[in-house]
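Scroll down for the structure; my scribbles are underneath it.
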Amino acid sequence: MLKFLARRLVTMLLTALCLTFIVFALTNLQPNLEKLAKQQASVRMSDAQVTSWLARHGYARPLLQRYGEWLGVLPGWTGKNADGKPTGRCLSHYEGVKGAKIPTYCGILQGDWGYSTVFREGVGGILATRLTATGWLMLWVLIVMIPTSLIMGVLAGMREGSRLDRSLSVASIASTSTPEYVSGVVLIVLFGSSFTGLSLLFKQWGLISGGVILKGNATSAMSHITFDNFALPVLTISIYGVGYIARMTRASMTEVMTAQYIRTARLKGVSFRNVVLRHALRNALIAPFTVIMLQIPWLLNGVVVTETLFSYKGFGWTLVQAASNNDIELLMGCSVVAVIVVLLTQLISDIGYVYLNPRIRIS
Amino acid sequence: MEKLTWPQILLAMGERFWPVWIALALTFAVSILFKRRLGLYGKLFDSPIAMIGFGLVMFWVFAALFAPIIITHGPLEQLPGMRNATPGKALRDAHGGYPYYLLGGDTLARDVFSRMVAGSVVVIRIAPLATIFAYMVGITLGLPAGYYGGRFDTALSFVANLILAFPVILLFYLLVTPQIVQSGVPQYMAAVLFLFPILFLAVLINSRFHVKPAFRNAAIALILAIGGWLYLSTLSQPGTPFHLLPRALDLFNIPGNTMIVFVSVVFVNSPTVFRIVRGLTFDIKSRDYVAAAQTRGEGPWYIMLWEILPNARGPLIVDFCLRIGYTTILLGVLGFFGLGLSPESPDWGSTINAGSRLLAIYPIPALAPALALMSLVLGLNLLADGLREESLKD
Amino acid sequence: MSDWDPSQPILEIENLSISFFTRLREIPAVMDFSCTVMPGEAMGLVGESGCGKSTVALGVMQDLGRNGRIVGGRIKFKGRDLNLMSDAELRQIRGSEIAMIYQEPMASLNPAMKIGAQLAEVPMIHQGMAKKAAWALARQIVEDVRLPDPDRILKSYPHQLSGGQQQRIVIAMALMSKPALLILDEPTTALDVTVEAGIVDLVKELGRKYGTSMLFISHNLGLILDTCDRLCVMYSGEAVETGSVREVFDKMRHPYTQALFRSIPLPGADKNARPLIAIPGNFPLPHERPEGCNFGPRCDYFQAGRCDRGAIPMEEVPHGDRHESRCLRFAEIDWAAPPAAGKTYQKAEPGEVVLRMDDLRKYYEVSANALFGRSGETKVVKANETLTFEARESETLAIVGESGCGKSTFAKVLMGLETATAGRVRLYGEEIQDTPIEKRNTNTVSSVQMVFQNPFDTLNPSMTVGRQIIRALEVFGEGKSDRERREKMLDLMDLVKLPREFADRMPRQLSGGQKQRVGIARAFAGGAKIVVADEPVSALDVSVQAAVTDLLMEIQRREKTTLLFISHDLSIVRYLADRVMVMYLGHVVEMGTTDEVFAPPYHPYTEALLSAVPIADTRVKKKRIVLDGDIPSAVNPPPGCPFQTRCRWKSQVPGGICETEVPPIKKLPSGHQIKCHLTEDDFATMEPVIEIAAE
């Protein structure tokens, strides 16, 4: 087991290195850097001015070297700015601080996430706030999504071909066909608009006092989460994910229900209820567990769409801002977070699979 | 003229779709008539769910095919007084054209209905083709990975997992930008990806017909000639380092924007296909008929392509349908973030994005393409489910 | 509750009919089936696959799935009709009054539940027993089924036990509430022969101990003879003959029963002098059953206009013990008449040596742990150890052994799918042990071909039958044009006695036996000189086995092929082999001519194997030798002699060298080889295992 974990960790590290390097390389392509220079200094710079700006800000050096600096395995660059004052990668945090000891290395390994060119503050701080916001969103999504989908899947798969199975299956197929930007739009129209949808009806019937049933904008949830401002974004993400997990659970459940040992249990005189609960459920949930864990990084996409649609300024929203403005270090930070989430969930799903499955656990 | 009421709007829309109805009726009539002779396709017509799915998919396929007949106005046409028009609003001056905006107008006074129909053309053109390419790549790499295993498999699986570990949106943001198009990355990626179909076909033919050299040589020459030409004209783009063919021989020019969208969608889908094919291969290679082929000295590619692949087709066909749906969703994501296709493009993602800004006040411009996209994906998923059910019964 | 008393039948099935319903049609699986099981009686249900015997069992359990339905008749258990019971009442009976044992022990145990919990559940449901008491009872029953270390077993999961142990647990589970009726559905089919013998003994003994009635379903007549008092022969959904085991075996009154006995290799059958008589034709598909007698089209006594009119009832055979037959003509047929003399053949003389193996070894490296493996410790599996033999032209060499004995590995090395670790393989004097198949020339490849075990797996499901044979011809460079190859393919179809129009069919449209014929045709496409047949008939029904075996023999005679026949079935080996090689855990433990191997002196393993094989002949007297435990894993073989863990002769060898030294090969003067530490004197004391009583 330890050996297995060690191997997995090495693979994870390798994957993380490769991924961050690819992101670094793509964001540091020459046209991207030129765009950045113009954004930061002046849009009407001449080509020569762009080149010198890039040189002064340390962008003109070899890609690998700069990646090493970002990682923190090479010493940060130093130079002089237009006024002749010393500048450098590691100096930016210490501007104006007298007598501070300036470190030589200041990469991710030293805990320095760099500086965001869009928000003009440290990447570490931005990520911490934004991730907290997204963390709440994800938490509620998981709380809604997992029980719903598991119950749907188990109920459908327990009696294959029954009417309950058919209707639940169609429902879950419909839900997998509804990406967030569709469900978000539909939900906002139905519940979050005072001009159309149910809100209008409810208002005419006098069922609600305000303009809308639920808020179509989640900005206020940044400071205070209520059912009002959080229900729609949570639902939007959940709808797309529920169907997939439910389908997987159903498939797994139907397979288990036709297994020989279920017949054994039935012919032992076990009641249907106990056949499902005691004999089928544990075996049927092994496969969906892996699916759920692997679903979490996938939710990240939903988070990006939903946060954009509902103006909830979390991690996804930040990623969009960073990417569309080519904010290199912020984007690198986002990638690191994303990669860690992906790899961690993979690891947990592997370990959980082994733990849930006695056939592998004890051998 | 009077504004149309909702029943009138629905009726009018139904009327506009007349070529689709006729085509659908014909397809279903012929298929049901001959369903016992049509194999798996015929069996679809035994399951109501599969029929509904197939109907939805074919609706949008025919809508895209007959789009020029169906649309009431040009998708980019802006008419005076129709900004944010409500559904069914009559034009101020029809000039002999269609007198209404059936689903109203968007913020730029364009006809929502026509844009929705025109949007289907974009999807139907890109999604299936991109999925086919993803399959070519996934199959060509997944078969040997599953068959040989070992180092080759470890390396390829690592790369596949690497791509899968990227959040799709981050990948799109990095790949689908004007800067990247400018730097030629998509062209290089296309140069690699588009090589796979030619490679695939050549190996397919060679592995089976190497016992008949004359036929094999002719077939391979033909594939290389036609495939090579198509390959070069796809890549060749005047004014880039890829100006490979003189203009007279260049069959078509794909704009850089479309190319990058296409390539990145293929790129995102291939690793998943790779994993599925690899798993199926791993499963089937222990069958006796594979051993029989080995004991008569067949080459590995014959075994992979002619003994293993045909017997993996069931799950692959089902996944293919699902994957077109997923690709459609991905295209929507790209449009939603304004990546790739031009801003005035009528594709569904872009129109949803544009419409979502005034969603609370004018819902229809976003709702129409959203429901259109959903119905197509739903159709594909229902179809896939029906296929799975029917292929299990036998 | 009811007025049932032990003098009345436990189970009474009257005119039972069961059908399965598909979208297209109703498929009758069982028709007009009647049988009676008295208390303490063991009833056998025999028939080929698809005859409906398992459906009867599930019908009794009232567990036919969504598509199956009982469409007529009654099933009375202790006088109460099971068809009329509610779900709750049925649950009461299932597991407590009627218990069932299944074919695949691994699949019938819940992989995620401990053995103890699965056993204890039964009394907890039915007797409302407390958990502790239930576990105590479970422990006691586990002891009863003679499993070692019951406490450890109760706490383990199914996958931690071997196949034989799992089956004992399934039996224990069935006995937990001392049922009145035990249904056994092919309980030993998935097990090795020596393990099977132990299970059969156990079932018999426990049946006696608890006074349980049994319904024993099997395709193996020998097993029925060993276990049952009465039997019922089924054919195509109907019972065709029923009676006491002795009567049906010795005085059968139905043509199908007779044909069945004539098609199985019993002691005395010989491929040249007394070849088997295969039942002609094919088992009818449920929706293609003929009018009148189902067996009519394949019956030697068929009379047109009589046997193909209307339904045929079961009729009592005079002077029998509840002996009945479903045949209109059973009174007219002369049952004592010997079979119409079949063709006899000249014994083929073996020619020159074509294949010689010298000290062949094949070791594999496997990772010690399946999941976390790939890197880390590896273990060496010695799949073949010092394999030395030669095979001659037109000779049949049988390779006998149970799972894990290394018989398939050696085939792989011979075919070139693996290369040898050490030793030499010479084919016509050419060394091929290090040449993988892709480096062999076409001639070598086409001269060594293989027939595979599983008919459902041997053909590519998505290519027509003809196309697959043509492909082999193409690869072997036979024929100059497509036309010529097609002609040759049709000739091959004739060779294996398949209608030519089958060439355009897909494999799924063929029956198991027909697929196996296509496999044989494919193997002979390049004029194979050596054919390795890996259990070619073990997955087929008995009546089809004879036909396929005969076909192989016939082609062999014509083509002077060397046949390496891999099998675990000693009956068939005795019937067709010229020489026999017995393998155990990678070692050849005994080798000699068929007569030598089947007579003493034996290797102790061969002795046990011979005793374990059930023989469907009432005249045969067998010495019962039941081996303890299971076959050790090839990954972890015992030190010294591979067989020492189960050998009953071990105590005869002084100094315990069996546990430390691999025995040498003893060559007897006749050329008969035995790998054992026993001395000549020990061998001389051995008695024959099988004796045929004088008639």
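Identifiers in the structure tokens: chain A, B, ... in order shown; residue index from 1 per chain; ligand index from 1 in order shown.
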Identify all chain A residues at most 9 Å from chain B by counting only C-alpha atoms; ligands do not count. Present them as an NGL selection string.
:A and (11 or 15-16 or 18-19 or 23 or 26-27 or 29-32 or 35 or 170 or 173-179 or 181-183 or 185-186 or 188-189 or 192-196 or 216 or 297-298 or 300-301 or 304-305 or 309 or 319-320 or 323-324 or 331 or 334-335 or 338-339 or 342-343)
Residues of chain C within 6 Å of chain A, counting only C-alpha atoms, what are they? List them as a PDB file with C-alpha atoms, in the first residue's frame.
ATOM      1  CA  ARG C  91     -40.043 -16.254   1.464  1.00  0.00           C
ATOM      2  CA  ARG C  94     -37.148 -20.386   0.552  1.00  0.00           C
ATOM      3  CA  GLY C  95     -33.957 -21.003   2.422  1.00  0.00           C
ATOM      4  CA  ALA C 107     -20.688 -15.915  -8.131  1.00  0.00           C
ATOM      5  CA  SER C 108     -23.227 -17.132  -5.612  1.00  0.00           C
ATOM      6  CA  LEU C 109     -21.507 -15.624  -2.610  1.00  0.00           C
ATOM      7  CA  ASN C 110     -21.734 -11.923  -1.884  1.00  0.00           C
ATOM      8  CA  PHE C 372      -0.263  -2.381  -6.525  1.00  0.00           C
TER       9      PHE C 372
END
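Near chain B, counting only C-alpha atoms at 6 Å, the chain C residues are Ile437, Glu438, Asp457, Thr458, Leu459 and Asn460 of chain C.
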Store the residues of this selection in a file with N, CA and C atoms, as a JSON list (two decimals), in the first residue's frame.
[["chain", "number", "residue", "atom", "x", "y", "z"],
["C", 437, "ILE", "N", 6.22, -16.56, -32.90],
["C", 437, "ILE", "CA", 5.43, -16.87, -34.10],
["C", 437, "ILE", "C", 5.66, -15.90, -35.24],
["C", 438, "GLU", "N", 5.90, -14.62, -34.93],
["C", 438, "GLU", "CA", 6.05, -13.67, -36.04],
["C", 438, "GLU", "C", 7.34, -13.93, -36.83],
["C", 457, "ASP", "N", -16.17, -18.67, -28.22],
["C", 457, "ASP", "CA", -15.11, -17.67, -28.21],
["C", 457, "ASP", "C", -14.13, -17.91, -29.34],
["C", 458, "THR", "N", -14.28, -19.05, -30.01],
["C", 458, "THR", "CA", -13.23, -19.44, -30.93],
["C", 458, "THR", "C", -13.36, -18.76, -32.29],
["C", 459, "LEU", "N", -14.57, -18.27, -32.61],
["C", 459, "LEU", "CA", -14.76, -17.60, -33.89],
["C", 459, "LEU", "C", -15.01, -16.11, -33.66],
["C", 460, "ASN", "N", -14.48, -15.30, -34.56],
["C", 460, "ASN", "CA", -14.73, -13.87, -34.51],
["C", 460, "ASN", "C", -16.21, -13.61, -34.78]]
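What separates CA of Ile470 in chain C from CA of Glu395 in chain C is a distance of 28.1 Å.
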| said: Need to verify the contact set: range 263-273 of chain B, 9 Å, only C-alpha atoms, exclusion of same-chain residues closer than 2 positions in sequence. Can you return it as a PyMOL selection string? | reply: chain B and resi 127+130-139+142+157+159-161+163-164+168+171-172+175-176+186-187+189-190+193+258-261+275-278+316+319-320+323+326-327+330-331
Item to complete: Find the spatial neighbours of His159 in chain C, counting only C-alpha atoms, within a cut-off of 8 Å - ignore same-chain residues fewer than 3 positions away - and output them as a count of residues only.
Response: 4
Legend entry - Which of range 118-229 of chain A DSSP labels helix (DSSP H, G or I), written as a ChimeraX atom specification: /A:123-158,163-176,180-191,197-204,219-222,227-229
Mind checking which residues fall within 7 Å of Tyr101 in chain B, counting only C-alpha atoms, ignoring those fewer than 6 positions away in the same chain, and posting them as an NGL selection string?
-> :B and (87-90 or 111)
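Take CA of Ile292 in chain A and CA of Trp317 in chain A: the distance between them is 23.6 Å.
Atom pair CA of Ala25 in chain B / CA of Met58 in chain B has a distance of 10.6 Å (rounded to one decimal).
Neighbours of range 217-227 of chain B closer than or equal to 12 Å, with only C-alpha atoms counted and sequence neighbours fewer than 4 positions away skipped, come out as Phe194, Leu195, Phe196, Pro197, Ile198, Leu199, Phe200, Leu201, Ala202, Val203, Leu204, Ile205, Asn206, Ser207, Arg208, Phe209, His210, Val211, Lys212, Pro213, Tyr231, Leu232, Ser233, Thr234 and Leu251 of chain B.
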Could you write out that same residue set with N, CA and C atoms as a PDB file, in the first residue's frame?
ATOM      1  N   PHE B 194      -4.625  15.557 -37.979  1.00  0.00           N
ATOM      2  CA  PHE B 194      -5.242  15.166 -39.243  1.00  0.00           C
ATOM      3  C   PHE B 194      -4.472  14.060 -39.945  1.00  0.00           C
ATOM      4  N   LEU B 195      -3.281  13.778 -39.448  1.00  0.00           N
ATOM      5  CA  LEU B 195      -2.503  12.685 -40.010  1.00  0.00           C
ATOM      6  C   LEU B 195      -3.118  11.336 -39.646  1.00  0.00           C
ATOM      7  N   PHE B 196      -3.804  11.312 -38.503  1.00  0.00           N
ATOM      8  CA  PHE B 196      -4.309  10.035 -37.990  1.00  0.00           C
ATOM      9  C   PHE B 196      -5.270   9.310 -38.926  1.00  0.00           C
ATOM     10  N   PRO B 197      -6.256  10.021 -39.515  1.00  0.00           N
ATOM     11  CA  PRO B 197      -7.177   9.279 -40.394  1.00  0.00           C
ATOM     12  C   PRO B 197      -6.444   8.586 -41.543  1.00  0.00           C
ATOM     13  N   ILE B 198      -5.460   9.278 -42.132  1.00  0.00           N
ATOM     14  CA  ILE B 198      -4.746   8.682 -43.258  1.00  0.00           C
ATOM     15  C   ILE B 198      -3.974   7.462 -42.789  1.00  0.00           C
ATOM     16  N   LEU B 199      -3.297   7.653 -41.677  1.00  0.00           N
ATOM     17  CA  LEU B 199      -2.529   6.559 -41.091  1.00  0.00           C
ATOM     18  C   LEU B 199      -3.449   5.375 -40.804  1.00  0.00           C
ATOM     19  N   PHE B 200      -4.567   5.693 -40.194  1.00  0.00           N
ATOM     20  CA  PHE B 200      -5.526   4.664 -39.795  1.00  0.00           C
ATOM     21  C   PHE B 200      -5.980   3.855 -41.010  1.00  0.00           C
ATOM     22  N   LEU B 201      -6.396   4.568 -42.063  1.00  0.00           N
ATOM     23  CA  LEU B 201      -6.895   3.863 -43.248  1.00  0.00           C
ATOM     24  C   LEU B 201      -5.797   3.039 -43.899  1.00  0.00           C
ATOM     25  N   ALA B 202      -4.601   3.607 -43.977  1.00  0.00           N
ATOM     26  CA  ALA B 202      -3.511   2.890 -44.634  1.00  0.00           C
ATOM     27  C   ALA B 202      -3.190   1.601 -43.882  1.00  0.00           C
ATOM     28  N   VAL B 203      -3.105   1.696 -42.563  1.00  0.00           N
ATOM     29  CA  VAL B 203      -2.792   0.502 -41.771  1.00  0.00           C
ATOM     30  C   VAL B 203      -3.922  -0.511 -41.881  1.00  0.00           C
ATOM     31  N   LEU B 204      -5.161   0.013 -41.858  1.00  0.00           N
ATOM     32  CA  LEU B 204      -6.334  -0.859 -41.962  1.00  0.00           C
ATOM     33  C   LEU B 204      -6.252  -1.718 -43.225  1.00  0.00           C
ATOM     34  N   ILE B 205      -5.961  -1.080 -44.339  1.00  0.00           N
ATOM     35  CA  ILE B 205      -5.901  -1.797 -45.617  1.00  0.00           C
ATOM     36  C   ILE B 205      -4.687  -2.724 -45.654  1.00  0.00           C
ATOM     37  N   ASN B 206      -3.565  -2.191 -45.251  1.00  0.00           N
ATOM     38  CA  ASN B 206      -2.338  -2.978 -45.366  1.00  0.00           C
ATOM     39  C   ASN B 206      -2.402  -4.253 -44.537  1.00  0.00           C
ATOM     40  N   SER B 207      -2.899  -4.132 -43.316  1.00  0.00           N
ATOM     41  CA  SER B 207      -2.869  -5.291 -42.427  1.00  0.00           C
ATOM     42  C   SER B 207      -3.681  -6.438 -43.005  1.00  0.00           C
ATOM     43  N   ARG B 208      -4.755  -6.112 -43.702  1.00  0.00           N
ATOM     44  CA  ARG B 208      -5.592  -7.187 -44.192  1.00  0.00           C
ATOM     45  C   ARG B 208      -5.151  -7.674 -45.558  1.00  0.00           C
ATOM     46  N   PHE B 209      -4.714  -6.747 -46.421  1.00  0.00           N
ATOM     47  CA  PHE B 209      -4.489  -7.144 -47.808  1.00  0.00           C
ATOM     48  C   PHE B 209      -3.024  -7.334 -48.174  1.00  0.00           C
ATOM     49  N   HIS B 210      -2.160  -7.400 -47.147  1.00  0.00           N
ATOM     50  CA  HIS B 210      -0.761  -7.624 -47.491  1.00  0.00           C
ATOM     51  C   HIS B 210      -0.573  -8.988 -48.147  1.00  0.00           C
ATOM     52  N   VAL B 211      -1.570  -9.861 -47.974  1.00  0.00           N
ATOM     53  CA  VAL B 211      -1.482 -11.152 -48.638  1.00  0.00           C
ATOM     54  C   VAL B 211      -1.814 -11.053 -50.124  1.00  0.00           C
ATOM     55  N   LYS B 212      -2.396  -9.915 -50.531  1.00  0.00           N
ATOM     56  CA  LYS B 212      -2.663  -9.695 -51.963  1.00  0.00           C
ATOM     57  C   LYS B 212      -1.974  -8.407 -52.369  1.00  0.00           C
ATOM     58  N   PRO B 213      -0.684  -8.469 -52.653  1.00  0.00           N
ATOM     59  CA  PRO B 213       0.114  -7.244 -52.817  1.00  0.00           C
ATOM     60  C   PRO B 213      -0.430  -6.291 -53.879  1.00  0.00           C
ATOM     61  N   TYR B 231      -5.463  16.374 -46.883  1.00  0.00           N
ATOM     62  CA  TYR B 231      -4.663  16.774 -45.720  1.00  0.00           C
ATOM     63  C   TYR B 231      -3.961  18.088 -45.988  1.00  0.00           C
ATOM     64  N   LEU B 232      -3.301  18.150 -47.165  1.00  0.00           N
ATOM     65  CA  LEU B 232      -2.537  19.357 -47.481  1.00  0.00           C
ATOM     66  C   LEU B 232      -3.461  20.549 -47.673  1.00  0.00           C
ATOM     67  N   SER B 233      -4.623  20.314 -48.333  1.00  0.00           N
ATOM     68  CA  SER B 233      -5.464  21.491 -48.535  1.00  0.00           C
ATOM     69  C   SER B 233      -6.117  21.942 -47.240  1.00  0.00           C
ATOM     70  N   THR B 234      -6.330  21.017 -46.320  1.00  0.00           N
ATOM     71  CA  THR B 234      -6.877  21.442 -45.024  1.00  0.00           C
ATOM     72  C   THR B 234      -5.869  22.320 -44.292  1.00  0.00           C
ATOM     73  N   LEU B 251      -7.994  22.977 -52.108  1.00  0.00           N
ATOM     74  CA  LEU B 251      -9.431  22.741 -52.276  1.00  0.00           C
ATOM     75  C   LEU B 251     -10.266  23.692 -51.436  1.00  0.00           C
TER      76      LEU B 251
END
Check your understanding: Neighbours of Asp569 in chain C within 12 Å (only C-alpha atoms; same-chain residues fewer than 5 positions away dropped), as a ChimeraX atom specification?
Key -> /C:192-194,220,264-266,398-402,534-539,545,574-577,580,582,609-610,612-615
